[in-house]
Each structure stands twice: as C-alpha cells, then as structure tokens.
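Structure file upload-v6.txt; described as compact mmCIF, C-alpha atoms and all ligand atoms.
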# COMPACT_ATOMS: atom_id res chain seq x y z
CA MET A 1 0.00 0.00 0.00
CA THR A 2 1.14 3.52 -0.75
CA VAL A 3 2.18 5.67 2.19
CA LYS A 4 -0.31 8.51 2.62
CA THR A 5 0.03 11.77 4.53
CA ILE A 6 -3.04 13.55 5.89
CA LYS A 7 -2.96 17.03 7.41
CA LEU A 8 -4.43 17.22 10.92
CA GLY A 9 -5.40 20.86 11.25
CA LYS A 10 -2.88 23.53 10.27
CA PHE A 11 0.43 21.72 10.70
CA ALA A 12 0.45 18.18 12.23
CA VAL A 13 0.62 15.37 9.67
CA CYS A 14 -0.73 11.83 10.06
CA VAL A 15 1.22 9.16 8.15
CA GLU A 16 -0.85 6.16 7.06
CA ASN A 17 0.05 2.72 5.66
CA LEU A 18 3.45 2.57 7.32
CA GLU A 19 4.52 -0.25 9.65
CA LEU A 20 7.22 1.30 11.79
CA TRP A 21 8.84 -2.03 12.65
CA GLN A 22 9.77 -2.47 8.95
CA LYS A 23 12.87 -0.90 7.38
CA LEU A 24 11.94 2.54 6.07
CA ASP A 25 12.37 3.16 2.33
CA PRO A 26 15.03 5.92 1.88
CA VAL A 27 12.79 8.03 -0.37
CA ILE A 28 9.93 7.93 2.17
CA ARG A 29 12.39 8.58 4.98
CA GLY A 30 13.61 11.73 3.18
CA ARG A 31 10.03 12.92 2.59
CA LEU A 32 9.04 12.41 6.22
CA ALA A 33 12.21 14.12 7.50
CA THR A 34 11.32 17.19 5.40
CA VAL A 35 7.73 17.17 6.68
CA LEU A 36 8.95 16.90 10.28
CA SER A 37 11.41 19.76 9.86
CA GLN A 38 8.81 22.11 8.34
CA GLN A 39 5.49 21.04 9.89
CA GLY A 40 6.79 19.92 13.27
CA VAL A 41 4.53 16.97 14.21
CA LEU A 42 4.19 13.48 12.66
CA VAL A 43 1.51 11.04 13.88
CA PHE A 44 1.56 7.26 13.21
CA LYS A 45 -1.38 5.18 14.40
CA ARG A 46 -1.91 1.47 15.26
CA GLN A 47 1.75 0.56 15.76
CA ALA A 48 3.12 -2.39 17.74
CA LEU A 49 6.78 -1.96 18.59
CA CYS A 50 9.30 -3.49 20.94
CA GLU A 51 11.87 -1.12 22.49
CA SER A 52 14.66 -1.97 20.04
CA GLU A 53 12.32 -1.40 17.05
CA LEU A 54 11.39 1.96 18.52
CA VAL A 55 15.05 2.96 18.68
CA VAL A 56 15.77 1.69 15.14
CA PHE A 57 12.79 3.68 13.79
CA SER A 58 13.87 6.79 15.72
CA ARG A 59 17.31 6.65 14.04
CA ASN A 60 15.66 7.51 10.70
CA PHE A 61 15.31 11.10 11.92
CA GLY A 62 18.26 11.72 14.23
CA HIS A 63 20.66 10.30 16.76
CA PRO A 64 18.94 8.90 19.90
CA GLU A 65 20.35 10.57 23.01
CA LYS A 66 20.48 9.38 26.60
CA ILE A 67 18.72 12.01 28.73
CA VAL A 68 19.75 13.42 32.11
CA ARG A 69 17.16 11.40 34.07
CA ASP A 70 18.77 8.00 34.76
CA ASP A 71 15.86 7.20 37.09
CA TRP A 72 13.37 7.19 34.17
CA LYS A 73 15.48 4.98 31.90
CA SER A 74 14.28 1.64 30.51
CA GLU A 75 16.17 -1.29 31.98
CA ASN A 76 16.59 -2.87 28.55
CA GLN A 77 17.27 -0.01 26.18
CA PRO A 78 19.19 3.01 27.51
CA GLU A 79 17.94 5.31 24.72
CA ILE A 80 14.36 4.87 25.96
CA ILE A 81 12.79 6.54 28.95
CA GLN A 82 9.44 5.67 30.44
CA ILE A 83 6.80 8.31 31.02
CA SER A 84 4.49 6.81 33.60
CA ASN A 85 2.65 7.26 36.89
CA MET A 86 2.96 3.50 37.60
CA ARG A 87 5.02 1.96 40.40
CA ASP A 88 6.82 -1.37 40.74
CA ASN A 89 6.14 -3.87 43.53
CA GLN A 90 8.59 -1.98 45.80
CA GLY A 91 6.50 1.19 45.38
CA LYS A 92 9.17 2.84 43.21
CA SER A 93 8.10 4.88 40.14
CA ILE A 94 8.82 3.06 36.87
CA GLY A 95 9.03 6.33 34.96
CA GLY A 96 8.63 10.07 35.16
CA LEU A 97 6.12 12.94 35.06
CA GLY A 98 3.41 11.52 37.34
CA SER A 99 -0.25 12.23 36.60
CA GLY A 100 -0.50 16.00 37.07
CA GLU A 101 -1.01 18.60 34.40
CA LEU A 102 2.18 19.45 32.51
CA GLU A 103 2.26 23.07 31.47
CA TRP A 104 3.64 24.34 28.16
CA HIS A 105 7.29 23.42 27.66
CA CYS A 106 9.86 22.26 25.09
CA ASP A 107 11.83 19.13 25.95
CA GLN A 108 15.52 19.79 26.68
CA SER A 109 15.35 23.61 26.67
CA TYR A 110 17.55 23.41 29.81
CA VAL A 111 20.38 21.86 27.73
CA ARG A 112 22.97 24.12 26.03
CA VAL A 113 22.57 22.37 22.66
CA PRO A 114 19.30 20.45 23.03
CA ALA A 115 18.39 17.20 21.29
CA THR A 116 15.24 18.65 19.77
CA GLY A 117 13.44 15.55 18.54
CA SER A 118 10.99 13.73 20.82
CA LEU A 119 9.03 10.58 20.04
CA LEU A 120 6.27 9.16 22.25
CA TYR A 121 4.75 5.70 21.89
CA MET A 122 1.56 4.95 23.83
CA VAL A 123 1.65 1.54 25.56
CA GLU A 124 -0.98 1.74 28.31
CA MET A 125 -3.50 4.42 29.14
CA PRO A 126 -6.60 5.21 31.21
CA LYS A 127 -10.09 4.92 29.72
CA GLU A 128 -10.18 8.68 29.54
CA PRO A 129 -6.59 9.49 28.63
CA PRO A 130 -5.26 13.01 29.04
CA ARG A 131 -4.79 14.89 25.79
CA THR A 132 -1.49 16.32 24.64
CA TYR A 133 -1.32 19.68 22.83
CA TRP A 134 1.38 21.07 20.56
CA ALA A 135 1.68 24.79 19.76
CA ASN A 136 3.50 25.71 16.55
CA LEU A 137 5.71 28.66 17.47
CA GLN A 138 6.58 29.46 13.86
CA LEU A 139 2.91 30.12 13.09
CA ALA A 140 2.62 31.94 16.42
CA TYR A 141 5.58 34.19 15.57
CA GLN A 142 4.08 34.97 12.17
CA GLY A 143 0.86 36.00 13.93
CA LEU A 144 2.58 38.52 16.24
CA SER A 145 2.22 42.25 15.64
CA THR A 146 5.22 44.04 14.12
CA SER A 147 5.89 45.85 17.40
CA ILE A 148 5.99 42.60 19.41
CA LYS A 149 8.24 41.00 16.78
CA GLN A 150 10.63 43.94 17.16
CA LYS A 151 10.46 43.59 20.95
CA VAL A 152 11.30 39.85 21.04
CA ASP A 153 13.91 39.72 18.24
CA GLY A 154 17.37 39.58 19.79
CA LEU A 155 16.24 38.72 23.34
CA ASP A 156 17.99 35.95 25.28
CA VAL A 157 16.28 33.76 27.88
CA ILE A 158 17.76 31.88 30.87
CA TYR A 159 16.49 28.31 31.23
CA ASP A 160 16.91 26.28 34.39
CA TYR A 161 15.95 22.64 35.00
CA PHE A 162 15.41 23.49 38.68
CA VAL A 163 12.47 25.72 37.63
CA ARG A 164 11.06 22.84 35.52
CA GLN A 165 11.48 20.12 38.14
CA SER A 166 9.78 22.13 40.87
CA LYS A 167 6.55 21.86 38.80
CA TYR A 168 6.42 18.04 38.56
CA ASP A 169 4.37 16.07 41.03
CA ASP A 170 5.80 12.79 42.36
CA GLU A 171 9.35 14.18 42.37
CA PRO A 172 12.15 13.91 44.91
CA LYS A 173 14.18 17.02 45.83
CA MET A 174 16.76 17.88 43.16
CA SER A 175 19.95 15.92 43.82
CA ALA A 176 23.38 17.55 43.72
CA GLU A 177 24.25 15.21 40.83
CA LEU A 178 21.26 16.36 38.77
CA ARG A 179 22.04 20.00 39.59
CA ASN A 180 25.62 19.51 38.33
CA LYS A 181 24.31 17.93 35.12
CA THR A 182 21.90 20.79 34.44
CA PRO A 183 23.47 24.21 34.98
CA PRO A 184 21.31 27.16 33.80
CA VAL A 185 21.71 27.95 30.07
CA ILE A 186 20.84 30.86 27.76
CA HIS A 187 18.94 30.56 24.45
CA PRO A 188 17.69 33.19 22.00
CA LEU A 189 13.92 33.79 22.12
CA VAL A 190 13.71 33.85 18.31
CA ASN A 191 15.31 31.42 15.86
CA THR A 192 15.41 31.17 12.06
CA HIS A 193 14.67 27.95 10.19
CA PRO A 194 17.78 26.82 8.26
CA VAL A 195 15.80 25.79 5.14
CA THR A 196 12.75 28.06 4.92
CA GLY A 197 14.24 31.14 6.61
CA LEU A 198 11.03 31.50 8.66
CA LYS A 199 11.38 32.83 12.20
CA SER A 200 9.88 31.15 15.26
CA LEU A 201 9.76 31.64 19.01
CA TYR A 202 11.72 29.31 21.28
CA LEU A 203 9.45 29.43 24.27
CA ASP A 204 9.35 27.20 27.33
CA PRO A 205 7.48 28.97 30.14
CA SER A 206 7.86 25.94 32.45
CA THR A 207 11.65 26.17 32.42
CA ALA A 208 12.44 29.82 31.66
CA SER A 209 13.67 31.71 34.70
CA GLN A 210 13.95 35.16 33.07
CA ILE A 211 15.00 37.26 30.10
CA MET A 212 18.61 38.44 30.18
CA GLY A 213 18.80 42.00 31.45
CA TRP A 214 15.11 42.11 32.43
CA SER A 215 13.54 41.92 35.87
CA LYS A 216 11.67 38.76 36.85
CA ILE A 217 8.35 40.65 36.81
CA GLN A 218 8.92 42.10 33.32
CA SER A 219 10.09 38.70 32.04
CA ASP A 220 7.06 36.88 33.40
CA GLU A 221 4.74 39.48 31.85
CA LEU A 222 6.26 38.98 28.39
CA PHE A 223 6.24 35.16 28.74
CA LYS A 224 2.56 35.33 29.68
CA GLU A 225 1.74 37.58 26.73
CA LEU A 226 3.58 35.23 24.32
CA VAL A 227 2.02 32.06 25.78
CA ASP A 228 -1.48 33.57 25.71
CA HIS A 229 -0.94 34.41 22.04
CA SER A 230 0.67 31.05 21.11
CA GLU A 231 -1.99 28.86 22.71
CA ASN A 232 -4.60 30.34 20.39
CA LYS A 233 -6.46 27.42 18.75
CA GLU A 234 -5.22 28.28 15.27
CA PHE A 235 -1.61 27.49 16.32
CA VAL A 236 -2.40 24.32 18.34
CA TYR A 237 -2.81 20.62 17.49
CA CYS A 238 -4.59 18.53 20.15
CA HIS A 239 -3.90 14.77 20.12
CA HIS A 240 -6.52 12.28 21.37
CA TRP A 241 -4.43 9.24 22.25
CA ASN A 242 -5.01 5.58 21.43
CA ILE A 243 -2.82 2.65 22.38
CA GLY A 244 -0.24 2.12 19.62
CA ASP A 245 -0.03 5.81 18.64
CA VAL A 246 3.42 7.20 17.91
CA VAL A 247 3.91 10.97 17.83
CA LEU A 248 7.21 12.50 16.72
CA TRP A 249 7.82 16.25 17.02
CA ASP A 250 10.41 18.97 16.74
CA ASN A 251 10.98 20.92 19.96
CA GLY A 252 12.98 23.53 18.01
CA PHE A 253 9.79 25.40 17.12
CA LEU A 254 6.98 23.75 19.09
CA MET A 255 6.01 23.69 22.73
CA HIS A 256 3.63 21.12 24.20
CA ARG A 257 1.54 20.43 27.27
CA ARG A 258 -0.53 17.62 28.78
CA ASP A 259 -3.78 17.50 30.76
CA SER A 260 -3.83 15.86 34.19
CA PHE A 261 -5.43 12.42 34.68
CA ASN A 262 -6.72 10.19 37.44
CA PRO A 263 -3.63 9.12 39.45
CA ALA A 264 -5.32 5.78 40.29
CA SER A 265 -5.32 4.77 36.60
CA ASN A 266 -2.29 3.48 34.72
CA ARG A 267 -0.52 5.29 31.90
CA LEU A 268 2.75 4.28 30.23
CA LEU A 269 4.53 5.75 27.24
CA LYS A 270 7.99 5.00 25.87
CA ARG A 271 10.00 7.97 24.68
CA THR A 272 13.12 8.50 22.64
CA THR A 273 14.97 11.81 22.46
CA LEU A 274 16.71 12.60 19.18
CA ARG A 275 19.53 14.87 18.12
CA LEU A 276 17.93 16.24 14.95
CA PRO A 277 20.31 17.41 12.18
CA SER A 278 20.84 21.19 12.25
CA ASP A 279 21.01 21.48 8.43
CA ILE A 280 17.23 20.95 8.20
CA HIS A 281 16.02 21.62 11.76
CA ILE A 282 16.13 24.57 14.14
CA VAL A 283 18.65 23.50 16.78
CA PRO A 284 19.21 26.25 19.37
CA GLU A 285 22.88 26.67 20.23
CA GLY A 286 22.89 28.14 23.68
CA ARG A 287 25.57 29.11 26.17
CA LEU A 288 26.08 28.61 29.87
CA VAL A 289 25.21 31.43 32.25
CA ALA A 290 28.60 33.03 33.08
FE FE B 1 7.58 17.06 27.33
Could you spell out this file's structure in structure tokens?
Ligand SMILES: [Fe+2]
Amino acid sequence: MTVKTIKLGKFAVCVENLELWQKLDPVIRGRLATVLSQQGVLVFKRQALCESELVVFSRNFGHPEKIVRDDWKSENQPEIIQISNMRDNQGKSIGGLGSGELEWHCDQSYVRVPATGSLLYMVEMPKEPPRTYWANLQLAYQGLSTSIKQKVDGLDVIYDYFVRQSKYDDEPKMSAELRNKTPPVIHPLVNTHPVTGLKSLYLDPSTASQIMGWSKIQSDELFKELVDHSENKEFVYCHHWNIGDVVLWDNGFLMHRRDSFNPASNRLLKRTTLRLPSDIHIVPEGRLVA
C-alpha cells in the first residue's frame, strides 16, 4: 500500500500505511524528515513496537540521546525513557512525570545544545486518557504584531531545569548530581529555520527563569503575553491518544503540554529523544550562564 500523509489541522501530519517495525524506504524517509522539519509533528497510528524497534525507527530522523534522568530509563534499552505514573512492587516509580497537568514546555530547553526531537509511543493508558497539545511557534511568531516582533527579536532567555522540576508532582528534591548535570543555560527567544528562513519563538514557560537584562516581573509578563498568544487554537494541534499511537515532534519550534489524569489509573509511554540534524532543523545553540 502507498504511504499517505493527511494534514491534521494547520500543521500536524498523520502518516498512514506505514509499519514502523519495517525498514523505512530511503525516499519515504527523506520525505518524512522534510515534513517533520517544516510542519513539526508526525503522527503514526496502530503501531506495535518493541523497544529496540522503537530505537531503530527513531534513528531515521536523528541520533537517539540518553537524557539526564537516569531514574526514568528503561532497563533494557538506555535510549528509551518511560513516562508513567505507575510503580513497581517496591513502590518505586517506573518512569517520570506523574499524573498532574504538565504546562507548556519544550523538551531539553535546559540543555545548552538540546536534542530537539521527541518521540512518544503509547503503551498503556486510562479509559479517559489526558490529551497532549502542541503549539507551533513558527505560526505563532508569524501571527505577532510588528511591534511585538521587534520587541522579542534579539532577546535571550535563561532556562533552568530546577524551575522545571519544581513543577512536577511525584518528584524527589533535586539531587546535587542532577544540579551539576543541568546548569542554567541561555537561548535566543527567536530562531530562524535553516531551510525556509522562517522565524519562530523558542518558548518554554515551564523552564524559563527570566530574560537576560530584564527583571523577573517584566520577564514573566512577556512570557505570559507570548504564551497567551501562542496557545490560540489556530496554532495548536490537540492529540486524542489511542494505544499504539506514535507521535514524533520537533521541539525547536513547538512547545507542548498535557492535561492531568486520574492518578489511580495506569498510563505508560515509551520515549526516545533525538539529536535532529541542524542542516534541516532549528537547533538552538545556547551558552552557559557566566
Ligand atoms: Fe515534554
């Protein structure tokens, strides 16, 4: 069967007739990589993948990275982390992020040169699963007034994993080891796509501490204004999950969030984190706070 792509709203793209456990044809791989780099979200439904197949598929788009959270890692495949509220028979969490609401964020914004690709595979979920939302920050930037564009161009933002972690439920206090692995970093608020030349915001209100040279109050006001604008329906794709769904996205120009769900129900996703190539993707190159 021919591989089909179907637009889901303004930017997300659903890919049909593709079995992700099979080797990907190079021509299709190239087409999908281009779609990912310019549209930002790829959705694949009704998949059935073991962990190694998930990693092999992920390699079609970038290099799978090991993330900073060793405690969320799969025991079998170090490139995979588990996103789950479930616990083992010792009462220990088998993954991260609990069951609370997750506010808008971009994965890895707290890293100097982030691995900007994220892939989620739904394994187990509640009857009424929480939805996940992606906001396209290229479309959002294009929708800003000229005066706001002039205001945000050239600004730098400090990102700190400590700010992010304090918002998770089900989390221990930040360890000294994790603090050492995640010093605060600085990223530009606006980036330019290497292929299309289009500008986009790089916005992670869950992890941003403040804008360089601005007060905390002024920074928070601008973040709020930009988030309020970017979460407008016309810039957002909302995913209604089913078991077997795979969603791959580019954190270089999208932020995402998740609804909360009943903590007594079970939810498990497997995730890979990918170093996407900077010749076709926005890859912020930040610096450490001096
Ligand atoms: Fe995330």
Give the answer as one residue: which of A:Glu53, A:Asp25, A:Glu101, A:Asp70 has the shortest atom-to-atom distance to Lys181 in chain A, using only C-alpha atoms?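 Using only C-alpha atoms, Lys181 in chain A sits closest to A:Asp70.
CA of Glu65 in chain A is found 9.6 Å from CA of Gly117 in chain A.
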Of the listed residues A:Asn191, A:Asn251, A:Thr146, A:Ser209, that which approaches ligand FE 1 (chain B) most closely, counting all atoms listed in the file: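 Of A:Asn191, A:Asn251, A:Thr146, A:Ser209, the one nearest ligand FE 1 (chain B), counting all atoms listed in the file, is A:Asn251.
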Nearest-residue call for Ile81 in chain A, choices A:Glu177, A:Asp250, A:Glu51, A:Glu103, using all atoms listed in the file: A:Glu51
For Leu49 in chain A, which residue among A:Trp134, A:Tyr121, A:Tyr110, A:Phe61 is the nearest when counting only C-alpha atoms? A:Tyr121
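Of the listed residues A:Phe162, A:Tyr133, A:Phe223, A:Tyr237, the one whose atoms come nearest to ligand FE 1 (chain B) is A:Tyr133, with distances taken using all atoms listed in the file.
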Which neighbours of Ala140 in chain A fall inside 12 Å, counting all atoms listed in the file, when residues of the same chain fewer than 3 positions from it are skipped, and could you give them as a tab-separated table (two decimals) with C-alpha atoms, keeping the file's coordinate frame?
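New file part_6.tsv:
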chain	number	residue	atom	x	y	z
A	10	LYS	CA	-2.88	23.53	10.27
A	11	PHE	CA	0.43	21.72	10.70
A	134	TRP	CA	1.38	21.07	20.56
A	135	ALA	CA	1.68	24.79	19.76
A	136	ASN	CA	3.50	25.71	16.55
A	137	LEU	CA	5.71	28.66	17.47
A	143	GLY	CA	0.86	36.00	13.93
A	144	LEU	CA	2.58	38.52	16.24
A	145	SER	CA	2.22	42.25	15.64
A	148	ILE	CA	5.99	42.60	19.41
A	149	LYS	CA	8.24	41.00	16.78
A	190	VAL	CA	13.71	33.85	18.31
A	198	LEU	CA	11.03	31.50	8.66
A	199	LYS	CA	11.38	32.83	12.20
A	200	SER	CA	9.88	31.15	15.26
A	201	LEU	CA	9.76	31.64	19.01
A	202	TYR	CA	11.72	29.31	21.28
A	203	LEU	CA	9.45	29.43	24.27
A	225	GLU	CA	1.74	37.58	26.73
A	226	LEU	CA	3.58	35.23	24.32
A	227	VAL	CA	2.02	32.06	25.78
A	228	ASP	CA	-1.48	33.57	25.71
A	229	HIS	CA	-0.94	34.41	22.04
A	230	SER	CA	0.67	31.05	21.11
A	231	GLU	CA	-1.99	28.86	22.71
A	232	ASN	CA	-4.60	30.34	20.39
A	233	LYS	CA	-6.46	27.42	18.75
A	234	GLU	CA	-5.22	28.28	15.27
A	235	PHE	CA	-1.61	27.49	16.32
A	236	VAL	CA	-2.40	24.32	18.34
A	253	PHE	CA	9.79	25.40	17.12
A	254	LEU	CA	6.98	23.75	19.09
A	255	MET	CA	6.01	23.69	22.73
At a cut-off of 8 Å around ligand FE 1 (chain B), and using only C-alpha atoms and all ligand atoms, what residues come up? Please write them as a VMD selection string. chain A and resid 102 105 to 107 256 to 257
Within 9 Å of range 183-186 of chain A, which residues of range 93-123 of chain A show up? Give each one with its shortest atom-to-atom distance in Å (one decimal) and the two atoms involved, counting only C-alpha atoms, rows by chain then rising residue number, as JSON lines.
{"residue": "A:Ser109", "atom": "CA", "partner": "A:Val185", "partner_atom": "CA", "distance": 8.4}
{"residue": "A:Tyr110", "atom": "CA", "partner": "A:Val185", "partner_atom": "CA", "distance": 6.2}
{"residue": "A:Val111", "atom": "CA", "partner": "A:Val185", "partner_atom": "CA", "distance": 6.7}
{"residue": "A:Arg112", "atom": "CA", "partner": "A:Val185", "partner_atom": "CA", "distance": 5.7}
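Using all atoms listed in the file, the shortest contact distance between Gln77 in chain A and any of A:Val56, A:Ile217, A:Leu97, A:Lys4 is found at A:Val56.
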Using only C-alpha atoms, which residues sit within 7 Å of Met212 in chain A once same-chain residues fewer than 2 positions away are excluded, as a list of chain:residue names? A:Asp156, A:Val157, A:Ile158, A:Gln210, A:Trp214
Distance of CA of His63 in chain A from CA of Ser278 in chain A, expressed in Å to one decimal place: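 Here the two named atoms are 11.8 Å from each other.
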Could you tell me how far CA of Gly40 in chain A sits from CA of Gly95 in chain A, in Å to one decimal place?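 Separating CA of Gly95 in chain A from CA of Gly40 in chain A is a distance of 25.7 Å.
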Do a neighbour search on Arg275 in chain A at 12 Å with all atoms listed in the file, toss out local chain neighbours closer than 4 positions, and write the hits as a PyMOL selection string. chain A and resi 58-67+79+107-108+111+113-119+249-252+279-284
